[in-house]
Every structure is written in C-alpha cells, then in structure tokens.
Amino acid sequence: MQVKNEAVSGTLQSNDCFVRIYPGDNGIELDLKSSVIKQFGEQIEFVIRETLKENNIENCRIIVEDKGALDCTIKARVETAVKRSNE
C-alpha cells in the first residue's frame with residue numbers, strides 16, 4: 001500500500017492525537033509533537049513506525065500532534081489516516 005493523497009485523522013483533544021499524512025518518496029519523514037515527548041517520545045515514534053510498517057508504507061510524510069494518547073489510539077489514528085489516503 002502507498003499513500004496516494006493527503007489525509008487526516010484524530011483530534012487535538014486531551015488523550016488523543018491528530019495525524020496528517022502526505023505522499024512522499026524519501027522514506028518515512030516523521031514530525032512528532034507531543035506534550036509527553038520527554039517521557040514517551042521513543043515509544044510514540046516506535047508505534048507510529050511499526051504501524052506504517054504493518055501497513056506496508058515505505059514512503060510518506062507524517063505529522064503527529066499527540067496530546068497524551070495511548071498506544072492503541074495512536075495506532076488507530078495512523079491506520080485510519082493511511083486508509084483515508086487511499087480512498
């Protein structure tokens with residue numbers, strides 16, 4: 001699967017994250033902003049990259065604004081953005 005169009009998912013409310021995904025051709029370009037980046041930044045990035053890998057995404061630009069979301073929420077938001085980018 002590849003990212004064909006720009007797509008978004010999520011909200012900027014507490015305990016959620018807002019994901020924007022764009023087509024790309026230079027691998028995974030991740031821009032992560034989080035209110036808990038010092039404590040959980042590595043884990044958040046791991047979840048994002050693993051979710052993209054599981055969906056066979058090798059090239060995209062993804063911007064994630066996290067407001068303390070759980071891993072399962074981050075994964076769901078990334079998956080939704082990927083699927084929407086292919087509609």
# chains A, B, ... in the order shown; residues from 1 in each chain; ligands from 1

call {"tool": "select_by_dssp", "arguments": {"residues": "chain A", "states": "strand (DSSP E)", "output": "mmCIF file with all heavy atoms, in the first residue's frame"}}
result
data_model
loop_
_atom_site.group_PDB
_atom_site.id
_atom_site.type_symbol
_atom_site.label_atom_id
_atom_site.label_comp_id
_atom_site.auth_asym_id
_atom_site.auth_seq_id
_atom_site.Cartn_x
_atom_site.Cartn_y
_atom_site.Cartn_z
ATOM 1 N N ALA A 7 -4.230 13.013 3.895
ATOM 2 C CA ALA A 7 -5.351 12.575 4.732
ATOM 3 C C ALA A 7 -5.079 12.947 6.189
ATOM 4 O O ALA A 7 -3.932 13.123 6.586
ATOM 5 C CB ALA A 7 -5.563 11.074 4.605
ATOM 6 N N VAL A 8 -6.166 13.055 6.957
ATOM 7 C CA VAL A 8 -6.053 13.373 8.383
ATOM 8 C C VAL A 8 -6.900 12.400 9.200
ATOM 9 O O VAL A 8 -7.803 11.751 8.689
ATOM 10 C CB VAL A 8 -6.492 14.826 8.692
ATOM 11 C CG1 VAL A 8 -5.620 15.819 7.961
ATOM 12 C CG2 VAL A 8 -7.939 15.052 8.356
ATOM 13 N N SER A 9 -6.567 12.369 10.501
ATOM 14 C CA SER A 9 -7.308 11.525 11.427
ATOM 15 C C SER A 9 -7.084 12.052 12.834
ATOM 16 O O SER A 9 -6.011 12.559 13.148
ATOM 17 C CB SER A 9 -6.790 10.088 11.322
ATOM 18 O OG SER A 9 -7.402 9.271 12.276
ATOM 19 N N GLY A 10 -8.097 11.923 13.698
ATOM 20 C CA GLY A 10 -7.957 12.280 15.098
ATOM 21 C C GLY A 10 -8.363 13.704 15.422
ATOM 22 O O GLY A 10 -8.892 14.431 14.580
ATOM 23 N N CYS A 17 -4.688 12.106 19.501
ATOM 24 C CA CYS A 17 -3.634 12.667 18.659
ATOM 25 C C CYS A 17 -4.223 12.996 17.293
ATOM 26 O O CYS A 17 -5.221 12.420 16.871
ATOM 27 C CB CYS A 17 -2.448 11.723 18.542
ATOM 28 S SG CYS A 17 -2.762 10.179 17.700
ATOM 29 N N PHE A 18 -3.604 13.961 16.642
ATOM 30 C CA PHE A 18 -4.030 14.401 15.326
ATOM 31 C C PHE A 18 -2.935 14.005 14.343
ATOM 32 O O PHE A 18 -1.767 14.348 14.533
ATOM 33 C CB PHE A 18 -4.241 15.917 15.324
ATOM 34 C CG PHE A 18 -4.820 16.447 14.053
ATOM 35 C CD1 PHE A 18 -6.132 16.178 13.711
ATOM 36 C CD2 PHE A 18 -4.060 17.222 13.196
ATOM 37 C CE1 PHE A 18 -6.690 16.665 12.542
ATOM 38 C CE2 PHE A 18 -4.607 17.720 12.026
ATOM 39 C CZ PHE A 18 -5.912 17.451 11.696
ATOM 40 N N VAL A 19 -3.314 13.256 13.323
ATOM 41 C CA VAL A 19 -2.360 12.718 12.349
ATOM 42 C C VAL A 19 -2.656 13.290 10.968
ATOM 43 O O VAL A 19 -3.796 13.272 10.518
ATOM 44 C CB VAL A 19 -2.441 11.170 12.299
ATOM 45 C CG1 VAL A 19 -1.530 10.613 11.224
ATOM 46 C CG2 VAL A 19 -2.127 10.576 13.655
ATOM 47 N N ARG A 20 -1.605 13.795 10.327
ATOM 48 C CA ARG A 20 -1.686 14.232 8.932
ATOM 49 C C ARG A 20 -0.656 13.429 8.156
ATOM 50 O O ARG A 20 0.489 13.322 8.580
ATOM 51 C CB ARG A 20 -1.366 15.720 8.805
ATOM 52 C CG ARG A 20 -2.441 16.611 9.355
ATOM 53 C CD ARG A 20 -2.073 18.069 9.155
ATOM 54 N NE ARG A 20 -0.922 18.370 10.003
ATOM 55 C CZ ARG A 20 -0.855 19.412 10.815
ATOM 56 N NH1 ARG A 20 -1.824 20.265 10.892
ATOM 57 N NH2 ARG A 20 0.213 19.612 11.548
ATOM 58 N N ILE A 21 -1.075 12.866 7.031
ATOM 59 C CA ILE A 21 -0.173 12.044 6.231
ATOM 60 C C ILE A 21 -0.195 12.534 4.788
ATOM 61 O O ILE A 21 -1.240 12.938 4.274
ATOM 62 C CB ILE A 21 -0.537 10.536 6.356
ATOM 63 C CG1 ILE A 21 0.585 9.668 5.833
ATOM 64 C CG2 ILE A 21 -1.855 10.225 5.696
ATOM 65 C CD1 ILE A 21 0.479 8.221 6.251
ATOM 66 N N TYR A 22 0.981 12.543 4.172
ATOM 67 C CA TYR A 22 1.144 13.040 2.809
ATOM 68 C C TYR A 22 1.958 12.034 2.006
ATOM 69 O O TYR A 22 2.788 11.320 2.576
ATOM 70 C CB TYR A 22 1.920 14.363 2.804
ATOM 71 C CG TYR A 22 1.338 15.448 3.663
ATOM 72 C CD1 TYR A 22 1.717 15.584 4.997
ATOM 73 C CD2 TYR A 22 0.416 16.346 3.153
ATOM 74 C CE1 TYR A 22 1.189 16.586 5.792
ATOM 75 C CE2 TYR A 22 -0.114 17.359 3.942
ATOM 76 C CZ TYR A 22 0.280 17.467 5.259
ATOM 77 O OH TYR A 22 -0.242 18.462 6.050
ATOM 78 N N PRO A 23 1.766 12.014 0.685
ATOM 79 C CA PRO A 23 2.626 11.164 -0.147
ATOM 80 C C PRO A 23 4.083 11.619 -0.013
ATOM 81 O O PRO A 23 4.353 12.789 0.243
ATOM 82 C CB PRO A 23 2.113 11.409 -1.568
ATOM 83 C CG PRO A 23 0.744 11.965 -1.404
ATOM 84 C CD PRO A 23 0.751 12.708 -0.106
ATOM 85 N N ILE A 28 10.293 7.341 5.345
ATOM 86 C CA ILE A 28 9.329 7.858 6.310
ATOM 87 C C ILE A 28 9.889 9.144 6.911
ATOM 88 O O ILE A 28 10.933 9.124 7.560
ATOM 89 C CB ILE A 28 9.069 6.836 7.449
ATOM 90 C CG1 ILE A 28 8.603 5.502 6.896
ATOM 91 C CG2 ILE A 28 8.084 7.416 8.462
ATOM 92 C CD1 ILE A 28 7.287 5.540 6.160
ATOM 93 N N GLU A 29 9.211 10.254 6.661
ATOM 94 C CA GLU A 29 9.582 11.535 7.259
ATOM 95 C C GLU A 29 8.575 11.815 8.367
ATOM 96 O O GLU A 29 7.413 12.103 8.094
ATOM 97 C CB GLU A 29 9.543 12.646 6.217
ATOM 98 C CG GLU A 29 10.533 12.461 5.082
ATOM 99 C CD GLU A 29 10.377 13.535 4.027
ATOM 100 O OE1 GLU A 29 10.290 14.719 4.390
ATOM 101 O OE2 GLU A 29 10.308 13.160 2.843
ATOM 102 N N LEU A 30 9.013 11.715 9.614
ATOM 103 C CA LEU A 30 8.133 11.851 10.767
ATOM 104 C C LEU A 30 8.397 13.157 11.495
ATOM 105 O O LEU A 30 9.532 13.464 11.851
ATOM 106 C CB LEU A 30 8.344 10.673 11.724
ATOM 107 C CG LEU A 30 7.623 10.727 13.064
ATOM 108 C CD1 LEU A 30 6.113 10.804 12.897
ATOM 109 C CD2 LEU A 30 8.009 9.529 13.911
ATOM 110 N N ASP A 31 7.329 13.914 11.706
ATOM 111 C CA ASP A 31 7.383 15.131 12.512
ATOM 112 C C ASP A 31 6.451 14.898 13.698
ATOM 113 O O ASP A 31 5.235 14.834 13.524
ATOM 114 C CB ASP A 31 6.932 16.337 11.682
ATOM 115 C CG ASP A 31 7.002 17.645 12.452
ATOM 116 O OD1 ASP A 31 7.510 17.657 13.591
ATOM 117 O OD2 ASP A 31 6.539 18.668 11.920
ATOM 118 N N LEU A 32 7.020 14.733 14.881
ATOM 119 C CA LEU A 32 6.254 14.400 16.075
ATOM 120 C C LEU A 32 6.293 15.545 17.069
ATOM 121 O O LEU A 32 7.369 16.021 17.437
ATOM 122 C CB LEU A 32 6.827 13.131 16.721
ATOM 123 C CG LEU A 32 6.252 12.715 18.071
ATOM 124 C CD1 LEU A 32 4.758 12.423 17.959
ATOM 125 C CD2 LEU A 32 7.006 11.521 18.616
ATOM 126 N N LYS A 33 5.109 15.967 17.488
ATOM 127 C CA LYS A 33 4.966 16.948 18.558
ATOM 128 C C LYS A 33 4.112 16.293 19.631
ATOM 129 O O LYS A 33 3.081 15.712 19.328
ATOM 130 C CB LYS A 33 4.290 18.219 18.046
ATOM 131 C CG LYS A 33 5.071 18.942 16.975
ATOM 132 C CD LYS A 33 4.318 20.142 16.458
ATOM 133 C CE LYS A 33 5.118 20.809 15.369
ATOM 134 N NZ LYS A 33 4.599 20.563 14.055
ATOM 135 N N SER A 34 4.568 16.374 20.889
ATOM 136 C CA SER A 34 3.829 15.717 21.955
ATOM 137 C C SER A 34 4.020 16.444 23.274
ATOM 138 O O SER A 34 5.111 16.945 23.568
ATOM 139 C CB SER A 34 4.302 14.265 22.114
ATOM 140 O OG SER A 34 3.664 13.656 23.211
ATOM 141 N N CYS A 60 6.387 8.232 2.998
ATOM 142 C CA CYS A 60 5.342 9.205 3.310
ATOM 143 C C CYS A 60 5.918 10.286 4.210
ATOM 144 O O CYS A 60 7.003 10.129 4.785
ATOM 145 C CB CYS A 60 4.137 8.555 3.991
ATOM 146 S SG CYS A 60 4.415 8.092 5.709
ATOM 147 N N ARG A 61 5.209 11.357 4.304
ATOM 148 C CA ARG A 61 5.497 12.389 5.303
ATOM 149 C C ARG A 61 4.333 12.336 6.274
ATOM 150 O O ARG A 61 3.172 12.412 5.861
ATOM 151 C CB ARG A 61 5.595 13.765 4.662
ATOM 152 C CG ARG A 61 5.869 14.844 5.698
ATOM 153 C CD ARG A 61 6.430 16.106 5.061
ATOM 154 N NE ARG A 61 6.785 17.028 6.119
ATOM 155 C CZ ARG A 61 6.089 18.114 6.427
ATOM 156 N NH1 ARG A 61 5.013 18.434 5.727
ATOM 157 N NH2 ARG A 61 6.475 18.893 7.413
ATOM 158 N N ILE A 62 4.623 12.190 7.565
ATOM 159 C CA ILE A 62 3.573 12.077 8.563
ATOM 160 C C ILE A 62 3.852 13.059 9.701
ATOM 161 O O ILE A 62 4.972 13.141 10.202
ATOM 162 C CB ILE A 62 3.430 10.620 9.065
ATOM 163 C CG1 ILE A 62 2.249 10.487 10.015
ATOM 164 C CG2 ILE A 62 4.711 10.103 9.671
ATOM 165 C CD1 ILE A 62 1.821 9.054 10.277
ATOM 166 N N ILE A 63 2.823 13.804 10.053
ATOM 167 C CA ILE A 63 2.907 14.768 11.144
ATOM 168 C C ILE A 63 1.929 14.320 12.215
ATOM 169 O O ILE A 63 0.743 14.143 11.939
ATOM 170 C CB ILE A 63 2.555 16.185 10.659
ATOM 171 C CG1 ILE A 63 3.521 16.605 9.550
ATOM 172 C CG2 ILE A 63 2.582 17.177 11.824
ATOM 173 C CD1 ILE A 63 3.117 17.871 8.830
ATOM 174 N N VAL A 64 2.434 14.135 13.426
ATOM 175 C CA VAL A 64 1.605 13.671 14.537
ATOM 176 C C VAL A 64 1.693 14.683 15.672
ATOM 177 O O VAL A 64 2.786 15.012 16.133
ATOM 178 C CB VAL A 64 2.052 12.284 15.029
ATOM 179 C CG1 VAL A 64 1.191 11.832 16.201
ATOM 180 C CG2 VAL A 64 1.993 11.265 13.896
ATOM 181 N N GLU A 65 0.535 15.172 16.096
ATOM 182 C CA GLU A 65 0.438 16.055 17.255
ATOM 183 C C GLU A 65 -0.271 15.276 18.356
ATOM 184 O O GLU A 65 -1.477 15.067 18.289
ATOM 185 C CB GLU A 65 -0.333 17.325 16.897
ATOM 186 C CG GLU A 65 0.385 18.194 15.889
ATOM 187 C CD GLU A 65 -0.388 19.443 15.543
ATOM 188 O OE1 GLU A 65 -0.716 20.208 16.466
ATOM 189 O OE2 GLU A 65 -0.683 19.617 14.347
ATOM 190 N N ASP A 66 0.504 14.834 19.330
ATOM 191 C CA ASP A 66 -0.002 13.964 20.385
ATOM 192 C C ASP A 66 -0.375 14.763 21.625
ATOM 193 O O ASP A 66 0.346 15.669 22.029
ATOM 194 C CB ASP A 66 1.066 12.930 20.746
ATOM 195 C CG ASP A 66 0.699 12.118 21.964
ATOM 196 O OD1 ASP A 66 -0.355 11.457 21.923
ATOM 197 O OD2 ASP A 66 1.461 12.156 22.942
#

call {"tool": "closest_atom_pairs", "arguments": {"of": "range 65-84 of chain A", "to": "range 44-55 of chain A", "cutoff": "9 Å", "atoms": "only C-alpha atoms", "output": "CSV"}}
result
residue,atom,partner,partner_atom,distance
A:Asp66,CA,A:Ile44,CA,8.8
A:Leu70,CA,A:Ile44,CA,8.8
A:Asp71,CA,A:Val47,CA,6.6
A:Cys72,CA,A:Val47,CA,8.7
A:Ile74,CA,A:Ile48,CA,7.1
A:Lys75,CA,A:Thr51,CA,6.0
A:Ala76,CA,A:Thr51,CA,8.7
A:Val78,CA,A:Ile48,CA,6.8
A:Glu79,CA,A:Thr51,CA,6.9
A:Val82,CA,A:Asn55,CA,8.0

call {"tool": "closest_residue", "arguments": {"among": "A:Lys4, A:Gln43, A:Asn59, A:Ser14", "to": "Asn26 in chain A", "atoms": "only C-alpha atoms"}}
result
A:Asn59

call {"tool": "select_by_dssp", "arguments": {"residues": "chain A", "states": "helix (DSSP H, G or I)", "output": "JSON, numbers by chain"}}
result
{"A": [37, 38, 39, 40, 41, 42, 43, 44, 45, 46, 47, 48, 49, 50, 51, 52, 53, 54, 71, 72, 73, 74, 75, 76, 77, 78, 79, 80, 81, 82, 83, 84]}

call {"tool": "atom_distance", "arguments": {"atom1": "CA of Ile57 in chain A", "atom2": "CA of Glu87 in chain A"}}
result
15.3 Å

call {"tool": "decode", "arguments": {"residues": "range 20-36 of chain A", "atoms": "N, CA, C and O atoms", "output": "mmCIF file, in the first residue's frame"}}
result
data_model
loop_
_atom_site.group_PDB
_atom_site.id
_atom_site.type_symbol
_atom_site.label_atom_id
_atom_site.label_comp_id
_atom_site.auth_asym_id
_atom_site.auth_seq_id
_atom_site.Cartn_x
_atom_site.Cartn_y
_atom_site.Cartn_z
ATOM 1 N N ARG A 20 -1.605 13.795 10.327
ATOM 2 C CA ARG A 20 -1.686 14.232 8.932
ATOM 3 C C ARG A 20 -0.656 13.429 8.156
ATOM 4 O O ARG A 20 0.489 13.322 8.580
ATOM 5 N N ILE A 21 -1.075 12.866 7.031
ATOM 6 C CA ILE A 21 -0.173 12.044 6.231
ATOM 7 C C ILE A 21 -0.195 12.534 4.788
ATOM 8 O O ILE A 21 -1.240 12.938 4.274
ATOM 9 N N TYR A 22 0.981 12.543 4.172
ATOM 10 C CA TYR A 22 1.144 13.040 2.809
ATOM 11 C C TYR A 22 1.958 12.034 2.006
ATOM 12 O O TYR A 22 2.788 11.320 2.576
ATOM 13 N N PRO A 23 1.766 12.014 0.685
ATOM 14 C CA PRO A 23 2.626 11.164 -0.147
ATOM 15 C C PRO A 23 4.083 11.619 -0.013
ATOM 16 O O PRO A 23 4.353 12.789 0.243
ATOM 17 N N GLY A 24 4.983 10.698 -0.174
ATOM 18 C CA GLY A 24 6.403 11.023 -0.107
ATOM 19 C C GLY A 24 7.206 10.042 -0.929
ATOM 20 O O GLY A 24 6.693 9.034 -1.385
ATOM 21 N N ASP A 25 8.489 10.344 -1.100
ATOM 22 C CA ASP A 25 9.346 9.423 -1.834
ATOM 23 C C ASP A 25 10.746 9.330 -1.230
ATOM 24 O O ASP A 25 11.666 8.827 -1.851
ATOM 25 N N ASN A 26 10.897 9.802 0.003
ATOM 26 C CA ASN A 26 12.196 9.768 0.678
ATOM 27 C C ASN A 26 12.128 8.955 1.969
ATOM 28 O O ASN A 26 12.648 9.373 2.992
ATOM 29 N N GLY A 27 11.453 7.830 1.947
ATOM 30 C CA GLY A 27 11.298 7.044 3.158
ATOM 31 C C GLY A 27 10.228 7.642 4.058
ATOM 32 O O GLY A 27 9.363 8.390 3.605
ATOM 33 N N ILE A 28 10.293 7.341 5.345
ATOM 34 C CA ILE A 28 9.329 7.858 6.310
ATOM 35 C C ILE A 28 9.889 9.144 6.911
ATOM 36 O O ILE A 28 10.933 9.124 7.560
ATOM 37 N N GLU A 29 9.211 10.254 6.661
ATOM 38 C CA GLU A 29 9.582 11.535 7.259
ATOM 39 C C GLU A 29 8.575 11.815 8.367
ATOM 40 O O GLU A 29 7.413 12.103 8.094
ATOM 41 N N LEU A 30 9.013 11.715 9.614
ATOM 42 C CA LEU A 30 8.133 11.851 10.767
ATOM 43 C C LEU A 30 8.397 13.157 11.495
ATOM 44 O O LEU A 30 9.532 13.464 11.851
ATOM 45 N N ASP A 31 7.329 13.914 11.706
ATOM 46 C CA ASP A 31 7.383 15.131 12.512
ATOM 47 C C ASP A 31 6.451 14.898 13.698
ATOM 48 O O ASP A 31 5.235 14.834 13.524
ATOM 49 N N LEU A 32 7.020 14.733 14.881
ATOM 50 C CA LEU A 32 6.254 14.400 16.075
ATOM 51 C C LEU A 32 6.293 15.545 17.069
ATOM 52 O O LEU A 32 7.369 16.021 17.437
ATOM 53 N N LYS A 33 5.109 15.967 17.488
ATOM 54 C CA LYS A 33 4.966 16.948 18.558
ATOM 55 C C LYS A 33 4.112 16.293 19.631
ATOM 56 O O LYS A 33 3.081 15.712 19.328
ATOM 57 N N SER A 34 4.568 16.374 20.889
ATOM 58 C CA SER A 34 3.829 15.717 21.955
ATOM 59 C C SER A 34 4.020 16.444 23.274
ATOM 60 O O SER A 34 5.111 16.945 23.568
ATOM 61 N N SER A 35 2.959 16.461 24.064
ATOM 62 C CA SER A 35 3.036 17.058 25.390
ATOM 63 C C SER A 35 3.805 16.153 26.350
ATOM 64 O O SER A 35 4.190 16.588 27.430
ATOM 65 N N VAL A 36 4.046 14.916 25.964
ATOM 66 C CA VAL A 36 4.765 13.959 26.811
ATOM 67 C C VAL A 36 5.983 13.378 26.087
ATOM 68 O O VAL A 36 6.384 12.238 26.347
#
